[in-house]
Structure formats: C-alpha cells, structure tokens
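Shown next, in structure tokens, is the structure this report addresses.
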Amino acid sequence: MIPETEWQEEISSSIRNIDELAQRVQLSIADLDTNKLLSNINPEDQHTKFPLRVTESYLRRVEVGNSKDPLLLQILPTATENLHQTGYSLDPVGDCSAQKQDGVIQKYHGRALLITTPACAIHCRYCFRRHYPYSENRISDTNLAEAIEWIKEEKSLNEIILSGGDPMMLSNQRLFRVIDSIAEIPHIKTVRIHTRMPVVLPSRIDDMLIDRLSQLNINKVVVIHANHPNEINSEVESALLRIKQSGTILLNQSVLLKGVNDSASTLKQLSLRLFDAGVIPYYLHTLDRVVGSHHFEVRDEIAVKIIKTLSSQLPGYLVPKLVREIEGESEKCAVEFSLTR
Ligand code: SF4
C-alpha cells in the first residue's frame, strides 16, 4: 500500500521490531520475556507468522518502564506463546467450518460475516484469528461480486458484519465499495463494522469516512474493541464522538485477559470511559483458546465474580454480557450458565 493519507502513513511507520519497542518503553529485552524470533519477522511474512505490530498512537499510551503495563502485554510476543497447551487450537471458534463462500462466514441466524482483509493496525496476541488462513478465505476485488450474489440469494439475512483483520484498514474507496454493494440489497437492513481502529489509530476516522457513513441509508453499527481504560485517551474519545455524530450506533467488545483487565475496578473504569465517549459496553468475551494465548486465560469462576461485582456497582446498561463462543452453537453462550471449565 502506498500511503496516501495521514493514517496510512502512520500505518507504514508502525513499530514491528522488538529492539525498537524495548527502547521506546525503556525496558531491556530480558525484562520483556519476549520471543525475539517471533518479534522480528520479515514484514512480508506478517500474515502467517503474526509478528509484533503496534501503532505509534497506541504505544504512546503505554507506561514507560513498566513491563506489566496492560497495553504492552496485549501486543508483546512472549516466549510463553511457544509452549504447547492441551485444549488450544488454530481455529478455536470454528471459523473455517462455518465458511459459506470465499470470505463469507455464517454462524448465526439472520446475519453473516465478511472477512474483508487480513490486515490489522496492531497485532493482539490473544486474537482468535491469529492463525486464520486469510490467503484462501477472504473477500478480494475479484470475489466480492460472488459474495454479494450469495447475500442476495440468502433472504433470511438482514445484517452483514464486516470483519477481518480490520475492515477499517481498507481505504475509504475500497471499504465503501463493499458497504455500498451491501446497502443496495433490499433485505439487508443493517451493516455492522467490527474494528479496533478508532482505538488504536484514531486518525483513521477521517472526514471522508464520516461523510460516507453519514450518507448511508441503512442502519449502521460500529463495534469497537477496547480492553482497558488506558486505551481511551482524548484522541480516541474525539474519534468515537465523530462516529456517533454520523448516526452510527457504537458498541464495545472486550476480551477478559489475565494481567490486563481481570478486575472489576478496571472494567468499571473502562465502562465509564466508554460511556463518556458515547459507546455502550456490549460483550466481555472469555478467551478463545487459540494456540499461543493460554497465558491470558481467566478462570470462569473469577470471570463470573468480576461480573457480579460490576453489576453491583454499575447500571445494567454499563455491564457487558459475559459470553463464550462455542463452535457449532446457534448463539454466543452466557458464561454464568455454562461453568464448564
Ligand atoms: S485488531 Fe482484532 S482482528 Fe486484529 S489482531 Fe487485534 S483482535 Fe485480532
């Protein structure tokens, strides 16, 4: 991608090298318990090896000198990732078996999901798609028309979710080529975008994106992804308020992560900050057991306890639903009712 805009230039100057990261956060490589091999991979291999990747904007929110900083832990490749753990798999939520067409996944009634791009602005170490075979299963310029034809035929659908990777890594032109094609289908009433960009690269929320969102004659939902209150600074707040002003409903989904946000006080602050920025906390996901992520797992008993404490301190609309995705289920499962691990 040749950078054309400020945010694309910021993407090009992302940090992808562990030595640079260590220097920026003023820690030694030993302090970071990092896996150097995983961290300094040739960018050409980035979609297969899931190397270190973080934006300047996000890194500025990491506390210098703190090897346990909750934002740092989310993006730091550690040596622990290489340890084998029983029960962890490459595709923990069954994305591949739910594929309907190239880049089209359907798990639940009434909605389907498009894998729009493999690219993300940051690489979250717990990502359930970190091993996803994007090269075979995603929407491209050539197969978009086939995906749209499939949606047209599936009259039971009323909502299309754009996912990835991160759909907002696409240029506005490419993003709205997809959205506009969807919006023209009469039975599709809602387009939903799952994105971490307003949080990790708020400059992505540019004038053209807001103009195009404002003009859409279809329900619009943007589901962001923030896990810790320190992710929401004033730039992020401004970006979120702009999206809201475009007539878009804003929700957040988080993942419950050991060492990052596994306390009621942290999640309470997150809910309050999100609400100040016009965002409703929607889901708190338990960890999807993807290979390389076991060090983030929080036990169900602790998760339920956290949610109970949150419920006693916040109004119901600020308490996210604690859920787990299970392959083959027709909906996300509430964890309180399925204490199985
Ligand atoms: S931004 Fe989302 S899709 Fe990308 S690595 Fe993070 S969790 Fe995964």
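Quick note on naming: the chains in the structure tokens go A, B, ... in the order shown, residues restart at 1 in each chain, and ligands are numbered from 1 in order of appearance.
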Exercise: segment 135-149 of chain A partners within 7 Å, only C-alpha atoms, chain neighbours under 5 positions left out, as a PDB file with N, CA, C and O atoms, in the first residue's frame:
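The resulting part_18.pdb:
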```pdb
ATOM      1  N   GLN A 101     -18.742 -19.145   1.505  1.00  0.00           N
ATOM      2  CA  GLN A 101     -18.137 -18.747   0.230  1.00  0.00           C
ATOM      3  C   GLN A 101     -16.743 -18.257   0.593  1.00  0.00           C
ATOM      4  O   GLN A 101     -16.474 -18.047   1.772  1.00  0.00           O
ATOM      5  N   ASP A 102     -15.918 -17.937  -0.403  1.00  0.00           N
ATOM      6  CA  ASP A 102     -14.632 -17.314  -0.069  1.00  0.00           C
ATOM      7  C   ASP A 102     -14.900 -16.037   0.715  1.00  0.00           C
ATOM      8  O   ASP A 102     -15.581 -15.129   0.229  1.00  0.00           O
ATOM      9  N   GLY A 103     -14.398 -15.995   1.948  1.00  0.00           N
ATOM     10  CA  GLY A 103     -14.515 -14.765   2.745  1.00  0.00           C
ATOM     11  C   GLY A 103     -15.866 -14.539   3.385  1.00  0.00           C
ATOM     12  O   GLY A 103     -16.099 -13.475   3.957  1.00  0.00           O
ATOM     13  N   VAL A 104     -16.775 -15.496   3.312  1.00  0.00           N
ATOM     14  CA  VAL A 104     -18.107 -15.331   3.910  1.00  0.00           C
ATOM     15  C   VAL A 104     -18.299 -16.414   4.973  1.00  0.00           C
ATOM     16  O   VAL A 104     -18.181 -17.607   4.686  1.00  0.00           O
ATOM     17  N   LEU A 114     -18.311 -10.955   6.681  1.00  0.00           N
ATOM     18  CA  LEU A 114     -17.354 -10.930   5.576  1.00  0.00           C
ATOM     19  C   LEU A 114     -15.951 -10.692   6.113  1.00  0.00           C
ATOM     20  O   LEU A 114     -15.725  -9.753   6.888  1.00  0.00           O
ATOM     21  N   ILE A 115     -15.025 -11.529   5.699  1.00  0.00           N
ATOM     22  CA  ILE A 115     -13.609 -11.315   6.041  1.00  0.00           C
ATOM     23  C   ILE A 115     -13.060 -10.384   4.956  1.00  0.00           C
ATOM     24  O   ILE A 115     -12.768 -10.815   3.840  1.00  0.00           O
ATOM     25  N   THR A 116     -12.926  -9.122   5.302  1.00  0.00           N
ATOM     26  CA  THR A 116     -12.632  -8.116   4.266  1.00  0.00           C
ATOM     27  C   THR A 116     -11.143  -7.952   3.980  1.00  0.00           C
ATOM     28  O   THR A 116     -10.769  -7.508   2.889  1.00  0.00           O
ATOM     29  N   THR A 117     -10.318  -8.238   4.972  1.00  0.00           N
ATOM     30  CA  THR A 117      -8.875  -8.037   4.814  1.00  0.00           C
ATOM     31  C   THR A 117      -8.142  -8.821   5.897  1.00  0.00           C
ATOM     32  O   THR A 117      -8.691  -9.006   6.990  1.00  0.00           O
ATOM     33  N   ILE A 182     -23.545  -3.771  -0.308  1.00  0.00           N
ATOM     34  CA  ILE A 182     -24.421  -4.419   0.686  1.00  0.00           C
ATOM     35  C   ILE A 182     -25.688  -3.584   0.890  1.00  0.00           C
ATOM     36  O   ILE A 182     -26.800  -4.117   0.953  1.00  0.00           O
TER      37      ILE A 182
END
```
Closest contacts (chain A/ligand 1, max 6 Å, only C-alpha atoms and all ligand atoms) as JSON lines:
```
{"residue": "A:Cys120", "atom": "CA", "partner": "ligand 1", "partner_atom_place_in_ligand_line": "4 (Fe)", "distance": 4.6}
{"residue": "A:Ile122", "atom": "CA", "partner": "ligand 1", "partner_atom_place_in_ligand_line": "1 (S)", "distance": 5.8}
{"residue": "A:His123", "atom": "CA", "partner": "ligand 1", "partner_atom_place_in_ligand_line": "5 (S)", "distance": 4.1}
{"residue": "A:Cys124", "atom": "CA", "partner": "ligand 1", "partner_atom_place_in_ligand_line": "6 (Fe)", "distance": 4.1}
{"residue": "A:Cys127", "atom": "CA", "partner": "ligand 1", "partner_atom_place_in_ligand_line": "8 (Fe)", "distance": 4.2}
{"residue": "A:Arg129", "atom": "CA", "partner": "ligand 1", "partner_atom_place_in_ligand_line": "8 (Fe)", "distance": 6.0}
{"residue": "A:Gly164", "atom": "CA", "partner": "ligand 1", "partner_atom_place_in_ligand_line": "3 (S)", "distance": 5.8}
{"residue": "A:Gly165", "atom": "CA", "partner": "ligand 1", "partner_atom_place_in_ligand_line": "3 (S)", "distance": 4.2}
{"residue": "A:Asp166", "atom": "CA", "partner": "ligand 1", "partner_atom_place_in_ligand_line": "3 (S)", "distance": 5.6}
{"residue": "A:Arg196", "atom": "CA", "partner": "ligand 1", "partner_atom_place_in_ligand_line": "1 (S)", "distance": 5.1}
```
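Remark: for Arg289 of chain A, the closest of the candidate residues A:Val93, A:Leu310, A:Met197, A:Leu322 is A:Val93 (distances computed over only C-alpha atoms).
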Practice problem: Apply DSSP to the structure's backbone, then extract all residues of segment 187-315 of chain A labelled alpha helix (DSSP H) and return them as JSON, numbers by chain. | Solution: {"A": [197, 198, 199, 200, 207, 208, 209, 210, 211, 212, 213, 214, 215, 234, 235, 236, 237, 238, 239, 240, 241, 242, 243, 244, 245, 264, 265, 266, 267, 268, 269, 270, 271, 272, 273, 274, 275, 276, 300, 301, 302, 303, 304, 305, 306, 307, 308, 309, 310, 311, 312, 313]}
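Straight-line separation from atom CA of Asn66 of chain A to atom CA of Val279 of chain A: 28.7 Å.
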